[in-house]
Every structure is written in structure tokens, then in C-alpha cells.
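Have a look at final_34.txt below; it lists compact mmCIF, C-alpha atoms.
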# COMPACT_ATOMS: atom_id res chain seq x y z
CA MET H 1 -134.61 198.94 34.77
CA LYS H 2 -131.33 197.20 34.06
CA SER H 3 -129.85 198.85 31.01
CA THR H 4 -128.21 196.70 28.33
CA PRO H 5 -127.41 197.41 24.68
CA LEU H 6 -129.50 194.41 23.60
CA LYS H 7 -132.60 195.61 25.44
CA SER H 8 -132.23 199.10 23.98
CA ALA H 9 -131.88 197.62 20.50
CA ILE H 10 -135.02 195.50 20.96
CA ILE H 11 -137.09 198.50 22.07
CA LYS H 12 -135.87 200.55 19.10
CA HIS H 13 -136.69 197.81 16.61
CA LEU H 14 -140.16 197.35 18.06
CA TYR H 15 -140.68 201.12 17.87
CA PHE H 16 -139.68 201.37 14.24
CA ASP H 17 -140.89 198.01 12.92
CA LYS H 18 -143.81 197.22 15.26
CA GLY H 19 -144.53 193.57 16.12
CA GLN H 20 -141.65 191.11 15.89
CA SER H 21 -141.14 187.54 17.04
CA CYS H 22 -138.21 186.49 19.18
CA ALA H 23 -136.67 184.64 16.25
CA GLU H 24 -136.99 187.71 13.99
CA LEU H 25 -135.37 189.96 16.58
CA SER H 26 -132.60 187.42 17.12
CA GLU H 27 -131.83 187.36 13.41
CA ILE H 28 -132.06 191.13 12.92
CA LEU H 29 -129.83 191.89 15.91
CA ASP H 30 -127.48 188.98 15.24
CA LYS H 31 -127.86 187.69 18.79
CA SER H 32 -128.48 184.19 20.03
CA LEU H 33 -132.06 183.07 20.55
CA PRO H 34 -131.57 182.45 24.31
CA SER H 35 -130.02 185.91 24.84
CA THR H 36 -132.80 187.61 22.90
CA SER H 37 -135.49 185.64 24.74
CA LYS H 38 -133.96 186.56 28.11
CA ALA H 39 -133.85 190.27 27.20
CA ILE H 40 -137.47 190.20 25.98
CA ASN H 41 -138.65 188.56 29.21
CA GLU H 42 -136.85 191.21 31.25
CA LEU H 43 -138.48 193.96 29.20
CA ILE H 44 -141.89 192.36 29.78
CA GLU H 45 -141.23 192.26 33.54
CA GLU H 46 -140.16 195.91 33.43
CA GLY H 47 -143.39 196.87 31.64
CA LEU H 48 -141.84 198.01 28.36
CA VAL H 49 -142.83 195.13 26.08
CA ILE H 50 -146.02 193.09 25.76
CA GLU H 51 -147.05 189.85 24.08
CA ASP H 52 -149.18 190.85 21.11
CA GLY H 53 -150.71 187.70 19.69
CA TYR H 54 -149.29 185.22 17.21
CA ALA H 55 -147.70 185.66 13.80
CA ARG H 56 -149.25 184.09 10.73
CA SER H 57 -148.43 180.43 10.35
CA SER H 58 -145.82 179.42 7.80
CA GLY H 59 -146.11 175.83 8.86
CA GLY H 60 -145.72 174.51 12.35
CA ARG H 61 -146.32 176.34 15.60
CA ARG H 62 -147.10 180.04 15.26
CA PRO H 63 -144.54 182.25 17.06
CA LEU H 64 -145.50 184.86 19.64
CA VAL H 65 -145.26 188.46 18.47
CA TYR H 66 -143.92 191.14 20.80
CA SER H 67 -144.74 194.84 20.72
CA ILE H 68 -143.68 197.91 22.61
CA LYS H 69 -146.05 198.97 25.43
CA ALA H 70 -147.40 202.31 24.29
CA ASP H 71 -147.79 203.96 27.70
CA ALA H 72 -144.63 202.56 29.26
CA MET H 73 -142.90 205.87 28.57
CA TYR H 74 -143.65 209.16 26.87
CA MET H 75 -141.73 211.49 24.60
CA LEU H 76 -142.05 215.26 24.61
CA THR H 77 -141.75 216.53 21.04
CA VAL H 78 -141.01 220.16 20.25
CA ALA H 79 -141.14 221.62 16.73
CA MET H 80 -139.83 225.16 16.29
CA ASP H 81 -139.80 227.57 13.38
CA GLN H 82 -138.84 231.22 13.13
CA PHE H 83 -142.21 232.45 14.44
CA SER H 84 -143.91 229.77 16.53
CA THR H 85 -143.32 226.59 18.50
CA ARG H 86 -145.42 223.46 18.97
CA ILE H 87 -145.20 221.10 21.96
CA GLN H 88 -146.83 217.66 21.91
CA LEU H 89 -146.58 214.71 24.31
CA VAL H 90 -146.69 211.35 22.52
CA ASP H 91 -146.55 207.72 23.62
CA LEU H 92 -144.20 205.05 22.30
CA LEU H 93 -146.47 204.52 19.29
CA ASN H 94 -146.19 208.23 18.38
CA LYS H 95 -149.82 208.76 19.36
CA PRO H 96 -150.76 212.04 21.14
CA ALA H 97 -150.92 211.57 24.90
CA ALA H 98 -151.93 215.17 25.66
CA ASP H 99 -153.20 218.20 23.77
CA MET H 100 -150.75 220.12 21.62
CA VAL H 101 -149.72 223.60 22.72
CA ILE H 102 -148.76 226.21 20.12
CA PHE H 103 -147.26 229.53 21.13
CA GLU H 104 -145.89 232.46 19.18
CA MET H 105 -142.18 233.08 19.67
CA ARG H 106 -139.95 234.89 17.20
CA LEU H 107 -136.43 233.47 17.19
CA LEU H 108 -134.58 236.22 15.32
CA ASP H 109 -133.29 239.04 17.53
CA ASN H 110 -135.08 237.64 20.58
CA PRO H 111 -132.66 237.32 23.51
CA ASN H 112 -135.46 235.94 25.68
CA ALA H 113 -136.34 233.05 23.37
CA LEU H 114 -134.49 230.39 25.36
CA THR H 115 -136.06 231.52 28.64
CA GLN H 116 -139.51 231.47 27.03
CA LEU H 117 -138.92 227.98 25.63
CA LEU H 118 -137.87 226.62 29.03
CA GLU H 119 -140.90 228.17 30.73
CA GLN H 120 -143.27 226.71 28.13
CA ILE H 121 -141.76 223.22 28.34
CA ASN H 122 -141.86 223.15 32.15
CA ASP H 123 -145.43 224.52 32.21
CA TYR H 124 -146.51 221.88 29.71
CA ILE H 125 -144.97 219.04 31.73
CA ASP H 126 -146.51 220.36 34.95
CA ASN H 127 -149.96 220.72 33.36
CA VAL H 128 -149.91 217.24 31.83
CA GLY H 129 -149.24 215.79 35.27
CA ILE H 130 -147.27 212.72 34.18
CA PRO H 131 -144.20 212.15 36.41
CA ARG H 132 -140.96 213.18 34.75
CA ASP H 133 -139.41 209.77 35.32
CA LYS H 134 -141.96 208.43 32.81
CA TYR H 135 -140.43 210.58 30.05
CA ALA H 136 -138.04 208.85 27.66
CA GLY H 137 -136.77 212.29 26.71
CA ILE H 138 -137.43 215.61 25.03
CA GLY H 139 -136.74 215.93 21.31
CA ILE H 140 -136.50 219.42 19.82
CA GLY H 141 -136.33 220.37 16.16
CA MET H 142 -135.18 223.91 15.44
CA PRO H 143 -134.01 226.00 12.48
CA GLY H 144 -130.45 227.21 12.27
CA PHE H 145 -126.92 225.83 12.27
CA VAL H 146 -127.25 223.06 14.85
CA ASN H 147 -124.25 221.13 16.15
CA VAL H 148 -125.89 217.89 17.23
CA ASN H 149 -122.85 216.51 19.05
CA ASP H 150 -122.24 219.62 21.18
CA GLY H 151 -125.93 220.55 21.49
CA ILE H 152 -125.40 224.12 20.23
CA ASN H 153 -127.45 226.22 17.83
CA TYR H 154 -125.14 228.80 16.29
CA THR H 155 -128.03 230.78 14.79
CA TYR H 156 -130.73 230.99 17.48
CA LEU H 157 -131.28 230.36 21.21
CA ASP H 158 -127.97 231.73 22.43
CA ALA H 159 -126.93 229.98 25.63
CA GLY H 160 -123.61 231.79 25.92
CA GLY H 161 -121.70 228.92 24.35
CA GLN H 162 -123.23 226.41 26.77
CA SER H 163 -124.77 223.22 25.44
CA LEU H 164 -128.52 223.65 24.91
CA THR H 165 -129.08 219.95 25.48
CA GLN H 166 -127.33 220.07 28.84
CA LEU H 167 -129.04 223.30 29.88
CA ILE H 168 -132.56 222.15 28.97
CA THR H 169 -131.94 218.75 30.56
CA LEU H 170 -130.85 220.48 33.77
CA GLU H 171 -133.77 222.94 33.79
CA THR H 172 -136.48 220.36 33.00
CA GLY H 173 -135.15 217.23 34.67
CA VAL H 174 -135.68 215.29 31.41
CA ALA H 175 -132.95 214.13 29.00
CA THR H 176 -133.07 216.46 25.98
CA TYR H 177 -131.81 216.15 22.40
CA ILE H 178 -131.81 218.76 19.63
CA ASP H 179 -131.39 218.67 15.87
CA ASN H 180 -131.98 220.84 12.82
CA ASP H 181 -135.66 220.88 11.84
CA SER H 182 -135.05 219.78 8.24
CA SER H 183 -132.90 216.84 9.33
CA LEU H 184 -135.67 215.65 11.65
CA ILE H 185 -138.26 216.02 8.89
CA ALA H 186 -136.08 213.87 6.61
CA LEU H 187 -135.73 211.29 9.37
CA ALA H 188 -139.51 211.19 9.83
CA GLU H 189 -140.15 210.70 6.12
CA GLN H 190 -137.61 207.89 5.90
CA ARG H 191 -138.73 206.05 9.03
CA PHE H 192 -142.50 206.54 9.01
CA GLY H 193 -143.36 208.59 5.93
CA ILE H 194 -143.64 208.31 2.19
CA ALA H 195 -139.90 207.59 1.79
CA LYS H 196 -139.97 204.71 4.29
CA ASN H 197 -136.89 202.52 4.02
CA GLN H 198 -135.39 204.47 1.11
CA ARG H 199 -131.62 204.74 1.37
CA ASP H 200 -131.05 207.83 -0.79
CA VAL H 201 -133.69 210.52 -0.51
CA MET H 202 -133.71 214.31 -0.41
CA VAL H 203 -136.45 215.86 1.74
CA ILE H 204 -137.39 219.50 1.13
CA ASN H 205 -138.76 221.33 4.16
CA LEU H 206 -141.16 223.85 2.64
CA GLY H 207 -141.57 226.54 5.26
CA TRP H 208 -140.48 230.07 6.01
CA GLY H 209 -137.18 228.98 4.48
CA ILE H 210 -136.54 226.07 2.12
CA GLY H 211 -134.73 223.47 4.18
CA LEU H 212 -133.13 220.24 3.06
CA GLY H 213 -132.65 217.00 4.93
CA MET H 214 -130.44 214.46 3.16
CA ILE H 215 -130.61 210.71 3.64
CA VAL H 216 -127.52 209.21 2.02
CA ASN H 217 -126.76 205.51 2.30
CA ASP H 218 -129.57 205.12 4.84
CA GLU H 219 -128.19 207.80 7.19
CA ILE H 220 -128.63 211.53 7.72
CA TYR H 221 -125.83 213.22 5.81
CA ARG H 222 -124.40 216.17 7.76
CA GLY H 223 -121.17 216.99 5.94
CA HIS H 224 -117.79 217.88 7.42
CA ASN H 225 -118.97 220.33 10.10
CA GLY H 226 -122.53 219.07 10.45
CA PHE H 227 -124.13 221.86 8.41
CA ALA H 228 -124.75 220.16 5.06
CA GLY H 229 -128.09 220.79 3.37
CA GLU H 230 -128.31 224.60 3.26
CA PHE H 231 -130.42 224.37 0.12
CA SER H 232 -132.06 227.73 0.87
CA HIS H 233 -128.83 229.57 0.29
CA ILE H 234 -127.69 228.32 -3.09
CA PRO H 235 -127.13 231.41 -5.29
CA LEU H 236 -129.89 231.01 -7.85
CA SER H 237 -130.81 234.53 -8.93
CA ASP H 238 -129.04 237.50 -10.45
CA ASP H 239 -131.51 240.14 -9.25
CA ASN H 240 -129.48 240.82 -6.08
CA THR H 241 -132.39 240.31 -3.65
CA LEU H 242 -130.90 240.42 -0.15
CA CYS H 243 -131.34 237.23 1.89
CA VAL H 244 -131.52 237.04 5.68
CA CYS H 245 -128.13 235.30 5.61
CA GLY H 246 -126.59 238.53 4.32
CA LYS H 247 -125.89 237.22 0.80
CA ARG H 248 -127.77 238.08 -2.38
CA GLY H 249 -129.63 235.93 -4.86
CA CYS H 250 -130.34 233.00 -2.52
CA LEU H 251 -133.19 230.61 -3.34
CA GLU H 252 -134.79 231.48 0.02
CA ALA H 253 -134.99 235.15 -0.99
CA GLU H 254 -136.87 234.13 -4.14
CA ALA H 255 -139.16 231.22 -3.31
CA SER H 256 -139.68 230.66 0.43
CA LEU H 257 -143.13 230.83 1.96
CA LEU H 258 -142.12 234.09 3.64
CA VAL H 259 -141.39 235.59 0.22
CA VAL H 260 -144.74 234.30 -1.09
CA VAL H 261 -146.40 236.08 1.86
CA LYS H 262 -144.61 239.35 1.08
CA LYS H 263 -145.59 239.13 -2.60
CA ALA H 264 -149.21 238.40 -1.65
CA ILE H 265 -149.38 241.43 0.62
CA GLN H 266 -147.85 243.63 -2.08
CA GLY H 267 -150.17 242.26 -4.76
CA VAL H 268 -153.33 242.80 -2.72
CA LYS H 269 -152.11 246.29 -1.85
CA GLU H 270 -151.71 247.03 -5.56
CA GLY H 271 -155.21 245.81 -6.33
CA ARG H 272 -154.68 242.28 -7.64
CA VAL H 273 -158.01 240.46 -7.97
CA SER H 274 -158.07 237.83 -5.23
CA SER H 275 -160.13 236.44 -2.38
CA LEU H 276 -157.21 237.41 -0.16
CA LYS H 277 -157.77 240.51 1.95
CA TYR H 278 -155.41 243.34 2.75
CA PHE H 279 -153.41 242.03 5.68
CA GLU H 280 -150.15 243.97 5.91
CA GLU H 281 -150.18 243.98 9.71
CA GLU H 282 -151.12 240.31 10.04
CA HIS H 283 -148.72 237.67 11.41
CA PRO H 284 -146.88 235.87 8.55
CA LYS H 285 -148.28 232.53 9.75
CA LEU H 286 -151.86 233.74 9.32
CA VAL H 287 -151.11 235.17 5.88
CA GLY H 288 -149.31 232.00 4.81
CA ASP H 289 -152.24 229.84 5.91
CA ALA H 290 -154.65 232.18 4.10
CA ILE H 291 -152.66 231.88 0.86
CA MET H 292 -152.63 228.08 1.01
CA ASP H 293 -156.36 227.99 1.78
CA ALA H 294 -157.07 230.41 -1.08
CA ALA H 295 -155.06 228.28 -3.52
CA ALA H 296 -156.97 225.17 -2.43
CA ASN H 297 -160.19 227.06 -3.20
CA GLY H 298 -159.04 228.02 -6.69
CA ASP H 299 -157.81 231.59 -6.11
CA GLN H 300 -155.79 232.36 -9.25
CA PHE H 301 -153.50 234.93 -7.62
CA ALA H 302 -152.58 232.52 -4.81
CA ILE H 303 -151.95 229.72 -7.33
CA GLU H 304 -149.83 232.08 -9.44
CA LEU H 305 -147.65 232.90 -6.43
CA LEU H 306 -147.15 229.24 -5.57
CA THR H 307 -146.48 228.34 -9.21
CA ASP H 308 -143.75 230.96 -9.44
CA ALA H 309 -142.16 229.70 -6.21
CA GLY H 310 -142.42 226.09 -7.39
CA TYR H 311 -140.59 226.84 -10.65
CA LYS H 312 -137.71 228.46 -8.79
CA ILE H 313 -137.56 225.58 -6.31
CA GLY H 314 -137.48 223.20 -9.29
CA LYS H 315 -134.51 225.05 -10.73
CA GLY H 316 -132.71 224.51 -7.43
CA LEU H 317 -133.73 220.85 -7.39
CA ALA H 318 -132.16 220.38 -10.81
CA ILE H 319 -128.81 221.30 -9.27
CA LEU H 320 -129.46 218.94 -6.36
CA ILE H 321 -130.34 216.04 -8.67
CA HIS H 322 -127.18 216.55 -10.73
CA ILE H 323 -125.04 216.40 -7.59
CA MET H 324 -126.80 213.78 -5.44
CA ASN H 325 -128.76 211.58 -7.92
CA PRO H 326 -131.40 210.67 -5.28
CA ALA H 327 -134.02 207.95 -5.70
CA SER H 328 -136.70 210.41 -4.65
CA ILE H 329 -137.32 213.98 -3.54
CA VAL H 330 -140.05 214.53 -0.95
CA LEU H 331 -141.88 217.84 -0.52
CA SER H 332 -142.57 218.03 3.20
CA GLY H 333 -143.10 220.47 6.05
CA ARG H 334 -145.67 223.24 6.36
CA GLY H 335 -145.95 223.75 2.60
CA ALA H 336 -146.65 220.11 1.74
CA ILE H 337 -150.36 220.90 1.94
CA VAL H 338 -150.02 222.82 -1.35
CA GLY H 339 -147.61 220.31 -2.86
CA LYS H 340 -149.99 219.54 -5.72
CA PHE H 341 -149.69 223.15 -6.90
CA LEU H 342 -145.90 222.93 -6.81
CA LEU H 343 -145.39 219.64 -8.64
CA ALA H 344 -146.19 220.90 -12.16
CA PRO H 345 -143.92 223.99 -12.09
CA ILE H 346 -141.16 221.96 -10.37
CA GLN H 347 -141.38 219.35 -13.12
CA GLN H 348 -141.39 222.10 -15.75
CA ALA H 349 -138.14 223.49 -14.31
CA LEU H 350 -136.60 219.99 -14.16
CA ASN H 351 -137.52 219.44 -17.81
CA LYS H 352 -135.65 222.63 -18.70
CA TYR H 353 -132.62 222.47 -16.41
CA CYS H 354 -132.02 218.79 -15.61
CA ILE H 355 -130.37 216.09 -17.73
CA PRO H 356 -133.29 213.80 -18.69
CA ARG H 357 -131.54 210.57 -17.69
CA LEU H 358 -131.04 211.91 -14.16
CA ALA H 359 -134.45 213.54 -13.83
CA ALA H 360 -136.25 210.41 -15.05
CA SER H 361 -134.74 208.29 -12.28
CA THR H 362 -135.77 210.66 -9.48
CA GLU H 363 -139.34 210.42 -8.19
CA LEU H 364 -141.09 213.53 -6.87
CA LEU H 365 -143.29 212.77 -3.85
CA ILE H 366 -145.60 214.81 -1.61
CA SER H 367 -145.37 214.06 2.10
CA GLU H 368 -148.29 212.47 3.90
CA LEU H 369 -146.89 213.58 7.26
CA GLY H 370 -146.74 217.20 6.14
CA PHE H 371 -146.60 219.71 8.97
CA ASP H 372 -146.48 216.89 11.55
CA ALA H 373 -143.19 215.56 10.18
CA GLU H 374 -141.00 217.66 12.48
CA LEU H 375 -142.88 216.44 15.57
CA VAL H 376 -142.53 212.83 14.42
CA GLY H 377 -138.83 213.43 13.79
CA ALA H 378 -138.44 214.84 17.30
CA ALA H 379 -139.89 211.60 18.71
CA ILE H 380 -137.49 209.55 16.57
CA LEU H 381 -134.60 211.66 17.90
CA VAL H 382 -135.54 210.67 21.47
CA MET H 383 -135.91 207.02 20.56
CA GLU H 384 -132.56 206.87 18.77
CA ASN H 385 -130.88 208.14 21.94
CA LEU H 386 -132.82 205.84 24.27
CA THR H 387 -131.02 203.48 26.61
CA ALA H 388 -133.19 200.91 28.35
Translate this file's structure into C-alpha cells.
Amino acid sequence: MKSTPLKSAIIKHLYFDKGQSCAELSEILDKSLPSTSKAINELIEEGLVIEDGYARSSGGRRPLVYSIKADAMYMLTVAMDQFSTRIQLVDLLNKPAADMVIFEMRLLDNPNALTQLLEQINDYIDNVGIPRDKYAGIGIGMPGFVNVNDGINYTYLDAGGQSLTQLITLETGVATYIDNDSSLIALAEQRFGIAKNQRDVMVINLGWGIGLGMIVNDEIYRGHNGFAGEFSHIPLSDDNTLCVCGKRGCLEAEASLLVVVKKAIQGVKEGRVSSLKYFEEEHPKLVGDAIMDAAANGDQFAIELLTDAGYKIGKGLAILIHIMNPASIVLSGRGAIVGKFLLAPIQQALNKYCIPRLAASTELLISELGFDAELVGAAILVMENLTA
């Protein structure tokens, strides 16, 4: 394929906005109609774009609509958290092209994590059987302080100062891109989720921590050093609970899903009436899933735990609203499935701690992508770096 900026731009617009006519693409990209038509024809010859019927008539001849060819290339999406990793191959329409693989892998204090990740990715690619030259790239979302430009995670997956993107690209033979998990979740919500096309939105990643992805002026906001959005670590409590970051009183140490799990285990151990069983030795993921299932089935202890967490998250959101004044706040990630239990206590906290004029202009939304958001964001990361 002959790579040109115009062809790359066309592919990206067809990925994000689906079917477009030549005239629409010409106007959006601010390119002449002949240049756009020539690029589209080349992309058709190269098997990346297809004719996809005719647009509705607005008078006169109906224009041809062009779409991206779903199986022209594939994207390997990887979504990591502190305890497990998911790998999913998708086509250019973000549809699964192979079964998802989930494997347990603790990131903290695990010097073998990077080796394990490389082995799993290579095994997955080999088992799928699709040639590596058909891969548009590998997108990886991961927790931690991620430097997107240098491809380094300063928290996990130590590569001895070497770029993770370069190392994984070299070891897999497929161009690789990494980003913070919460940033990718925000990107997914803005591009394909409930916050589609919103220019100022805060996306809360409800998981083992409480991540934040910020869309400001239609772009991911990263701050001076690229680490903006550490919502988990705002000092919210005076009870001196020690956080994993080494500080005390952080929101994460009070309201994360991992804290909910610990409180559930302690409560069951102390005899709280609940459908939850004693599961002190269970994996946190299994306990977390059990709590969310129990809440969905009306378990009062599980609902109480989530309500308490939601109120504390709402108190943190009040600070965020005062500073950022977003159009909306989206509850996303693993915990979005219990978003309906969090909305009321969050709103209660906003009523108490937030200036009404600011709170009234910010809409609270529950993600429809939920736990899949990070995988969708990983695909977007590949597409944004695509050159055709």
C-alpha cells in the first residue's frame, strides 16, 4: 500500500463515522474532490475501502457511500488491570474476530509480568493464525503512570528504562501502542460510547482503583508531564487509611472496588447477614463479581457497601466539578454494571458538597460500554496511530 496522509485520514474517518460519500469526506478533510476521489479509488484497489450503497436523496443523483472493509486488517486489543489481562482480536468495525483470552497476572511486585505478557500475546497471535502483516497494530491499556510518547510505564512492567512500545513491537513483530487504562476508557466513551462527540467530559474508571480520563476541548487532557487525572489519590479522608501510593486518606483507600471487597470479607467474617459467603482466600476479582451480583439480586449488605463507596466518590466528584465544570461525568469500567446503585449516593454527595449552579449543569451518565470500554479504547489507540 502506498501511504499518504490523505488516505490515512480517510480510513480514520470511515472508522469513526462509518459510511461517508466522497463529497462529505472532501469537505471534512478540506481536500479537493478530485484528490479525495483518487485516494478513495486507491484504497478500494488496496482492499481497505468498499462501496456501500447510496446515500439518501436530497434531490438529484444519490451519491455513493464508502465504508471501511472490516476484514482488511485486524487490531489486537489488550486490557490490563492489577490482577488480570484480557486479549481480544477485533476487525476494523471493532467486532470480535477471535475468542477473548483472559489470564490472571498480578502486576504489583511481579518482575515476570512483562515476560508473561509477551508470551501470552505471541501465543494468542499464533493460535489465531492470521498473518501478522494483517495486523494494524496492538493497543494496550494498562494502569499506572504511563508516558505515552516514550512508551514507558513508571509503575508496572519494568523494562529497565527501555520503551515498552519498542520492546513489544520487536518481540511480536506488530506495531504496538500503550496508554493509561482510564485515558483509553475516556476515549472509548467519547468516540463510541454514551459521551459520543462531547467536548468536555470526565470519565470515571470504576475498578480496583478509581481512575479518571479527562476529555477537555475534544482531546485527552494529560497535563504537564502526562499524568493528569489521578483522581484516586485526592486526599479526601482524615482517618489516615494508608493507600497503595504510600499516602494516607486517598479516595482509593476509601471507595475503590478493592476496598469494597475487603469490607465485604470483613463483614461476612463478623456475621453480617448476606447472601455472600465467607471467601477470605478467594481472588479479589471473584469476590468483586460476587458483590456486584449480590447487589443486583437485592442483597442489602452488598448494596450498603456500594452506597457507602458511591457517597465518597460523589464527594470527590464535587471537587472535580468545581475545578473542571464538565458537561457530563460518565461512570465506566468494571463497576459500571452497578452504576444504578451508585447514582443516588453520588447525587446525595453532590447536593451536599457542590455549588448547585455547577452541579445542575453536569449530567451523570452510566456507561453502556462498561467493562468493554478499555478494549474499545485500545482499538481506537491503534487506529489513531494508523498510517495507510
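Of the residues under consideration (H:Ala378, H:Ile140, H:Leu306, H:Tyr135), H:Ile140 shows the shortest atom-to-atom contact distance to Leu118 of chain H when counting only C-alpha atoms.
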(request) Find the spatial neighbours of Ile346 of chain H, counting all atoms listed in the file, within a cut-off of 9 Å - ignore same-chain residues fewer than 6 positions away - and output them as an MDAnalysis selection string. (result) chainID H and resid 307 309:315 317
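Atom to atom, atom CA of Asn225 of chain H and atom CA of Phe145 of chain H stand 9.9 Å apart.
With all atoms listed in the file as the basis for measurement, H:Arg86 is the residue among H:His233, H:Arg86, H:Arg272, H:Lys352 that approaches Glu374 of chain H most closely.
The space between atom CA of Thr172 of chain H and atom CA of Ile220 of chain H spans 27.9 Å.
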